[in-house]
file data-v4.txt (compact mmCIF, C-alpha atoms)
# COMPACT_ATOMS: atom_id res chain seq x y z
CA MET H 1 0.00 0.00 0.00
CA LYS H 2 1.48 3.35 -1.08
CA LYS H 3 1.72 6.06 1.52
CA GLY H 4 0.98 9.69 0.59
CA PHE H 5 3.04 12.70 1.60
CA SER H 6 2.72 13.76 5.18
CA LEU H 7 1.70 17.32 6.04
CA VAL H 8 5.27 17.99 7.14
CA GLU H 9 6.68 16.80 3.81
CA LEU H 10 4.15 18.86 1.86
CA SER H 11 5.00 21.92 3.96
CA VAL H 12 8.71 21.46 3.24
CA VAL H 13 8.02 21.19 -0.51
CA LEU H 14 5.86 24.33 -0.48
CA ILE H 15 8.51 26.24 1.47
CA ILE H 16 11.18 25.22 -1.06
CA ILE H 17 8.95 26.26 -3.98
CA GLY H 18 8.30 29.60 -2.27
CA ILE H 19 12.01 30.18 -1.75
CA LEU H 20 12.74 29.40 -5.41
CA ILE H 21 10.00 31.77 -6.64
CA ALA H 22 11.28 34.54 -4.36
CA ALA H 23 14.86 33.96 -5.55
CA VAL H 24 13.84 34.15 -9.23
CA ALA H 25 11.79 37.32 -8.63
CA THR H 26 14.66 38.95 -6.74
CA SER H 27 17.16 37.98 -9.44
CA THR H 28 14.91 39.40 -12.18
CA LYS H 29 14.52 42.68 -10.28
CA LEU H 30 18.29 42.93 -9.71
CA ILE H 31 19.00 42.35 -13.40
CA GLY H 32 16.42 44.99 -14.37
CA ASN H 33 17.85 47.53 -11.92
CA SER H 34 21.36 46.79 -13.17
CA LYS H 35 20.30 47.65 -16.73
CA LEU H 36 18.77 50.91 -15.53
CA ARG H 37 21.98 51.78 -13.70
CA LYS H 38 23.88 51.23 -16.96
CA VAL H 39 21.66 53.87 -18.58
CA MET H 40 22.61 56.29 -15.80
CA GLN H 41 26.31 55.52 -16.28
CA GLU H 42 26.03 56.04 -20.03
CA VAL H 43 24.27 59.37 -19.54
CA GLU H 44 26.90 60.60 -17.09
CA SER H 45 29.64 59.72 -19.59
CA MET H 46 27.86 61.66 -22.36
CA LYS H 47 27.26 64.67 -20.15
CA SER H 48 30.94 64.72 -19.26
CA GLY H 49 31.89 64.48 -22.95
CA ILE H 50 29.61 67.36 -23.97
CA ASN H 51 30.88 69.57 -21.14
CA THR H 52 34.49 68.75 -22.02
CA PHE H 53 33.83 69.56 -25.68
CA TYR H 54 32.26 72.92 -24.81
CA ALA H 55 35.14 73.79 -22.50
CA SER H 56 37.60 72.98 -25.30
CA PHE H 57 35.90 74.68 -28.27
CA ASP H 58 33.47 77.17 -26.72
CA ALA H 59 30.71 75.59 -28.80
CA TYR H 60 28.31 72.71 -28.46
CA PRO H 61 28.99 69.55 -30.44
CA GLY H 62 26.65 69.46 -33.41
CA ASP H 63 26.35 73.24 -33.51
CA PHE H 64 30.14 73.76 -33.83
CA LYS H 65 30.61 75.78 -37.03
CA ARG H 66 34.39 75.23 -37.26
CA ALA H 67 34.43 71.46 -36.84
CA SER H 68 35.95 70.92 -40.29
CA ALA H 69 38.95 73.06 -39.29
CA PHE H 70 39.68 70.81 -36.31
CA PHE H 71 38.68 67.29 -37.29
CA ASP H 72 39.66 65.27 -40.33
CA ASN H 73 39.01 61.73 -39.08
CA LEU H 74 36.04 61.27 -41.40
CA PRO H 75 33.58 58.38 -41.49
CA GLU H 76 33.11 56.54 -44.75
CA GLY H 77 31.00 58.51 -47.22
CA LEU H 78 31.96 61.99 -46.00
CA ASP H 79 34.48 64.17 -47.83
CA GLU H 80 34.53 66.84 -45.13
CA MET H 81 33.61 67.05 -41.47
CA PRO H 82 30.11 68.62 -41.31
CA ASN H 83 29.80 71.92 -39.48
CA GLY H 84 26.91 73.17 -37.40
CA ASN H 85 25.51 76.62 -38.07
CA GLY H 86 26.75 78.17 -34.82
CA ASP H 87 23.36 79.56 -33.78
CA ASN H 88 23.60 78.12 -30.25
CA PHE H 89 20.94 75.52 -30.99
CA VAL H 90 21.42 71.77 -31.35
CA GLU H 91 18.32 70.80 -33.29
CA TYR H 92 16.86 67.34 -33.58
CA ASN H 93 17.82 67.01 -37.22
CA ALA H 94 21.26 67.01 -38.83
CA GLU H 95 22.92 68.68 -35.84
CA ASN H 96 21.86 65.87 -33.53
CA ALA H 97 23.80 63.47 -35.75
CA TYR H 98 26.70 65.93 -36.06
CA SER H 99 26.88 66.11 -32.27
CA TRP H 100 27.90 62.48 -31.80
CA LEU H 101 30.31 62.65 -34.73
CA HIS H 102 31.94 65.80 -33.31
CA LEU H 103 32.19 64.23 -29.84
CA ALA H 104 33.75 61.03 -31.18
CA SER H 105 36.13 63.01 -33.42
CA ALA H 106 37.26 65.00 -30.37
CA GLN H 107 37.78 61.64 -28.62
CA VAL H 108 35.63 62.54 -25.65
CA ILE H 109 33.17 59.68 -26.24
CA ASP H 110 33.65 56.22 -27.73
CA GLY H 111 32.08 54.99 -30.95
CA ALA H 112 32.01 55.70 -34.67
CA TYR H 113 29.11 57.65 -36.15
CA THR H 114 28.00 58.51 -39.67
CA GLY H 115 27.10 62.14 -38.96
CA ALA H 116 23.92 61.81 -41.01
CA MET H 117 20.36 61.27 -39.86
CA SER H 118 18.55 58.38 -41.52
CA GLY H 119 15.27 58.22 -43.41
CA SER H 120 13.81 61.63 -44.18
CA GLY H 121 16.43 63.34 -42.04
CA GLU H 122 14.76 62.75 -38.68
CA GLY H 123 15.82 59.19 -37.95
CA ALA H 124 18.18 58.16 -35.18
CA THR H 125 19.64 54.68 -35.58
CA PRO H 126 21.51 53.26 -32.59
CA ARG H 127 25.23 52.64 -33.17
CA GLU H 128 25.06 54.28 -36.59
CA ASN H 129 24.32 57.97 -36.15
CA SER H 130 23.69 57.96 -32.40
CA PRO H 131 25.00 56.00 -29.41
CA GLY H 132 23.29 52.76 -28.52
CA SER H 133 22.63 51.54 -25.00
CA GLN H 134 23.34 48.43 -22.99
CA TYR H 135 19.74 48.76 -21.76
CA SER H 136 18.28 47.48 -25.02
CA PRO H 137 19.58 47.08 -28.61
CA GLY H 138 16.94 49.41 -30.05
CA VAL H 139 17.49 52.29 -27.63
CA CYS H 140 19.38 55.38 -28.79
CA TYR H 141 20.46 58.67 -27.27
CA ASN H 142 19.83 62.13 -28.65
CA HIS H 143 21.52 65.42 -27.76
CA ILE H 144 19.46 68.58 -28.10
CA PHE H 145 19.84 72.14 -26.88
CA ASN H 146 17.41 75.07 -27.22
CA TYR H 147 15.09 73.00 -29.41
CA ASP H 148 11.36 72.52 -28.86
CA LEU H 149 10.15 69.03 -28.00
CA THR H 150 6.46 68.91 -28.85
CA GLY H 151 4.30 67.93 -25.90
CA SER H 152 7.23 67.39 -23.54
CA THR H 153 7.90 68.72 -20.07
CA VAL H 154 11.57 69.31 -20.84
CA ASP H 155 13.15 72.75 -20.51
CA THR H 156 15.04 72.96 -23.77
CA THR H 157 16.95 76.10 -22.82
CA GLN H 158 19.35 73.61 -21.25
CA ASN H 159 21.31 70.75 -22.74
CA ASN H 160 19.35 67.52 -22.83
CA ILE H 161 20.37 63.92 -23.23
CA VAL H 162 17.14 62.32 -24.42
CA VAL H 163 16.74 58.55 -24.17
CA GLY H 164 14.39 57.65 -27.00
CA THR H 165 12.62 59.95 -29.43
CA GLN H 166 9.23 61.45 -30.20
CA VAL H 167 9.77 61.27 -33.94
CA THR H 168 7.38 58.76 -35.48
CA ASN H 169 8.44 55.79 -37.61
CA ASN H 170 11.97 55.97 -36.24
CA PRO H 171 14.58 53.20 -36.12
CA CYS H 172 15.28 54.24 -32.53
CA VAL H 173 12.87 52.81 -29.96
CA ALA H 174 10.31 55.54 -29.38
CA SER H 175 8.79 54.92 -25.94
CA THR H 176 11.72 53.38 -24.11
CA PHE H 177 10.84 52.87 -20.44
CA LEU H 178 8.08 51.50 -18.28
CA PRO H 179 6.82 54.38 -16.10
CA LYS H 180 8.12 52.63 -12.96
CA ASP H 181 11.58 52.29 -14.55
CA ALA H 182 11.60 55.95 -15.58
CA GLU H 183 10.68 56.77 -11.98
CA PHE H 184 13.55 54.59 -10.71
CA ILE H 185 16.05 56.59 -12.79
CA ASP H 186 14.43 59.88 -11.77
CA LEU H 187 14.66 58.98 -8.07
CA LYS H 188 18.32 57.96 -8.39
CA LEU H 189 19.42 61.02 -10.36
CA ASP H 190 16.94 63.65 -9.23
CA ASP H 191 13.70 64.19 -7.31
CA GLY H 192 11.33 61.54 -8.69
CA ASN H 193 9.07 64.21 -10.17
CA PRO H 194 8.56 63.73 -13.93
CA VAL H 195 7.68 67.36 -14.67
CA ASN H 196 10.28 69.20 -12.58
CA GLY H 197 13.97 69.00 -11.81
CA ASN H 198 16.82 67.81 -14.00
CA VAL H 199 15.27 64.48 -15.00
CA ARG H 200 11.94 64.78 -16.81
CA SER H 201 9.79 62.26 -18.58
CA TYR H 202 7.11 62.40 -21.24
CA GLY H 203 5.34 60.16 -23.72
CA GLY H 204 7.04 58.85 -26.82
CA SER H 205 5.53 57.45 -29.98
CA ASN H 206 3.34 54.40 -29.65
CA THR H 207 4.40 51.09 -31.16
CA ASN H 208 3.24 51.90 -34.69
CA GLY H 209 4.72 55.39 -34.54
CA THR H 210 1.55 57.33 -35.31
CA SER H 211 0.85 59.25 -32.09
CA PHE H 212 2.35 60.15 -28.73
CA SER H 213 1.58 58.19 -25.58
CA ALA H 214 -0.37 60.04 -22.90
CA GLU H 215 0.09 57.28 -20.32
CA CYS H 216 3.62 57.90 -19.03
CA ILE H 217 2.43 60.57 -16.58
CA VAL H 218 -0.95 60.97 -14.85
CA ASP H 219 -1.64 64.06 -12.73
CA ASP H 220 2.04 65.04 -12.90
CA GLN H 221 3.11 61.70 -11.40
CA TYR H 222 4.60 58.57 -12.95
CA ASN H 223 1.86 56.18 -13.99
CA SER H 224 3.65 53.29 -12.28
CA VAL H 225 0.76 50.82 -12.58
CA ASP H 226 1.08 50.91 -16.37
CA LEU H 227 3.18 47.96 -17.51
CA ASP H 228 3.81 49.17 -21.07
CA GLN H 229 6.77 51.15 -22.40
CA GLU H 230 5.29 54.64 -22.33
CA CYS H 231 8.12 56.99 -21.34
CA ILE H 232 11.02 58.92 -22.77
CA ILE H 233 13.50 60.47 -20.34
CA GLY H 234 15.23 63.81 -20.80
CA ILE H 235 18.23 64.58 -18.57
CA LEU H 236 18.93 68.32 -18.30
CA PHE H 237 22.34 69.75 -17.51

call {"tool": "encode", "arguments": {"input": "data-v4.txt", "output": "structure tokens"}}
result
Amino acid sequence: MKKGFSLVELSVVLIIIGILIAAVATSTKLIGNSKLRKVMQEVESMKSGINTFYASFDAYPGDFKRASAFFDNLPEGLDEMPNGNGDNFVEYNAENAYSWLHLASAQVIDGAYTGAMSGSGEGATPRENSPGSQYSPGVCYNHIFNYDLTGSTVDTTQNNIVVGTQVTNNPCVASTFLPKDAEFIDLKLDDGNPVNGNVRSYGGSNTNGTSFSAECIVDDQYNSVDLDQECIIGILF
């Protein structure tokens, strides 16, 4: 006659299962937080590079109108280093792409960049004309200054490193972060408020790139119960 499990044996099995589930959940959370910390490290490196460039040339990368006089390490397809127009703006267009090329040419950031936006001139492609991220293969960074971001909470009279893009049909992932992950970065780097301070968030394009998400922020707070990628982050400095 076969004997069933005793209550003690069943309790031990349930405890072991509970421990395993907790360990997996903790490990997943740690891995996710580690990826978010990599984003923060990447941003700090870019901020340092942009500040170093400005201190060296008295101009922002991308907007630098004398870049061709200083840099001749050209990417394939370019006969001359592209210059910005020197108007103290770094627009999200050609100058955004120039910015990363200028920074890499000055050897203040790593990477090789084409210096040309893709598609109709508004496309950022990670690891081609803009830096990629260890966070996700499709994520790219954009550098803007004094340029309007439609529908955003970002103060564009300051430099911004923008993670993601609002431009529709873009090779770069549009809405990059879950609201709770955007909040995690905001709390680590700033005040946790998406509409104030030096870290601000707003909605990127939806998955088919036809409209902007309105679900990243609700009542000026992160919509942390939303489990979709709704947010772009802008870091001001």

call {"tool": "residues_around", "arguments": {"input": "data-v4.txt", "residues": "Ile185 of chain H", "least_positions_apart": "4", "cutoff": "9 Å", "atoms": "all atoms listed in the file", "output": "ChimeraX atom specification"}}
result
/H:36-37,39-40,180-181,189-190,192,199,233

call {"tool": "atom_distance", "arguments": {"input": "data-v4.txt", "atom1": "atom CA of Gly77 of chain H", "atom2": "atom CA of Asn159 of chain H"}}
result
29.0 Å

call {"tool": "atom_distance", "arguments": {"input": "data-v4.txt", "atom1": "atom CA of Val162 of chain H", "atom2": "atom CA of Pro82 of chain H"}}
result
22.2 Å

call {"tool": "atom_distance", "arguments": {"input": "data-v4.txt", "atom1": "atom CA of Leu78 of chain H", "atom2": "atom CA of Gly62 of chain H"}}
result
15.6 Å

call {"tool": "residues_around", "arguments": {"input": "data-v4.txt", "residues": "Tyr54 of chain H", "least_positions_apart": "2", "cutoff": "12 Å", "atoms": "only C-alpha atoms", "output": "ChimeraX atom specification"}}
result
/H:47-52,56-64,88,99,102-103,106,108,159

call {"tool": "residues_around", "arguments": {"input": "data-v4.txt", "residues": "Pro171 of chain H", "least_positions_apart": "5", "cutoff": "10 Å", "atoms": "all atoms listed in the file", "output": "compact mmCIF listing (two decimals) with C-alpha atoms, in the coordinates of the input"}}
result
# COMPACT_ATOMS: atom_id res chain seq x y z
CA SER H 118 18.55 58.38 -41.52
CA GLY H 119 15.27 58.22 -43.41
CA GLU H 122 14.76 62.75 -38.68
CA GLY H 123 15.82 59.19 -37.95
CA ALA H 124 18.18 58.16 -35.18
CA THR H 125 19.64 54.68 -35.58
CA PRO H 126 21.51 53.26 -32.59
CA GLY H 138 16.94 49.41 -30.05
CA VAL H 139 17.49 52.29 -27.63
CA CYS H 140 19.38 55.38 -28.79
CA THR H 165 12.62 59.95 -29.43

call {"tool": "residues_around", "arguments": {"input": "data-v4.txt", "residues": "Ile217 of chain H", "least_positions_apart": "4", "cutoff": "12 Å", "atoms": "only C-alpha atoms", "output": "list in words"}}
result
Ser152, Thr153, Leu178, Pro179, Lys180, Ala182, Glu183, Gly192, Asn193, Pro194, Val195, Arg200, Ser201, Tyr202, Gly203, Gly204, Ser213, Gln221, Tyr222, Asn223, Ser224, Val225, Asp226, Gln229, Glu230, Cys231, Ile232 and Ile233 of chain H

call {"tool": "residues_near_point", "arguments": {"input": "data-v4.txt", "point": "(32.8, 68.7, -37.7)", "cutoff": "8 Å", "atoms": "all atoms listed in the file", "output": "number ranges by chain"}}
result
H: 62, 64-71, 80-84, 98, 101-102, 105

call {"tool": "closest_residue", "arguments": {"input": "data-v4.txt", "among": "H:Asn93, H:Ser175, H:Gln107, H:Ser34", "to": "His143 of chain H", "atoms": "all atoms listed in the file"}}
result
H:Asn93

call {"tool": "closest_residue", "arguments": {"input": "data-v4.txt", "among": "H:Ser11, H:Ser130, H:Asn96, H:Asn85", "to": "Gly111 of chain H", "atoms": "all atoms listed in the file"}}
result
H:Ser130

call {"tool": "residues_near_point", "arguments": {"input": "data-v4.txt", "point": "(18.8, 64.4, -19.4)", "cutoff": "7 Å", "atoms": "all atoms listed in the file", "output": "compact mmCIF listing (two decimals) with C-alpha atoms, in the frame of the given file"}}
result
# COMPACT_ATOMS: atom_id res chain seq x y z
CA ASN H 160 19.35 67.52 -22.83
CA ILE H 161 20.37 63.92 -23.23
CA VAL H 162 17.14 62.32 -24.42
CA ASN H 198 16.82 67.81 -14.00
CA VAL H 199 15.27 64.48 -15.00
CA ILE H 233 13.50 60.47 -20.34
CA GLY H 234 15.23 63.81 -20.80
CA ILE H 235 18.23 64.58 -18.57
CA LEU H 236 18.93 68.32 -18.30
CA PHE H 237 22.34 69.75 -17.51
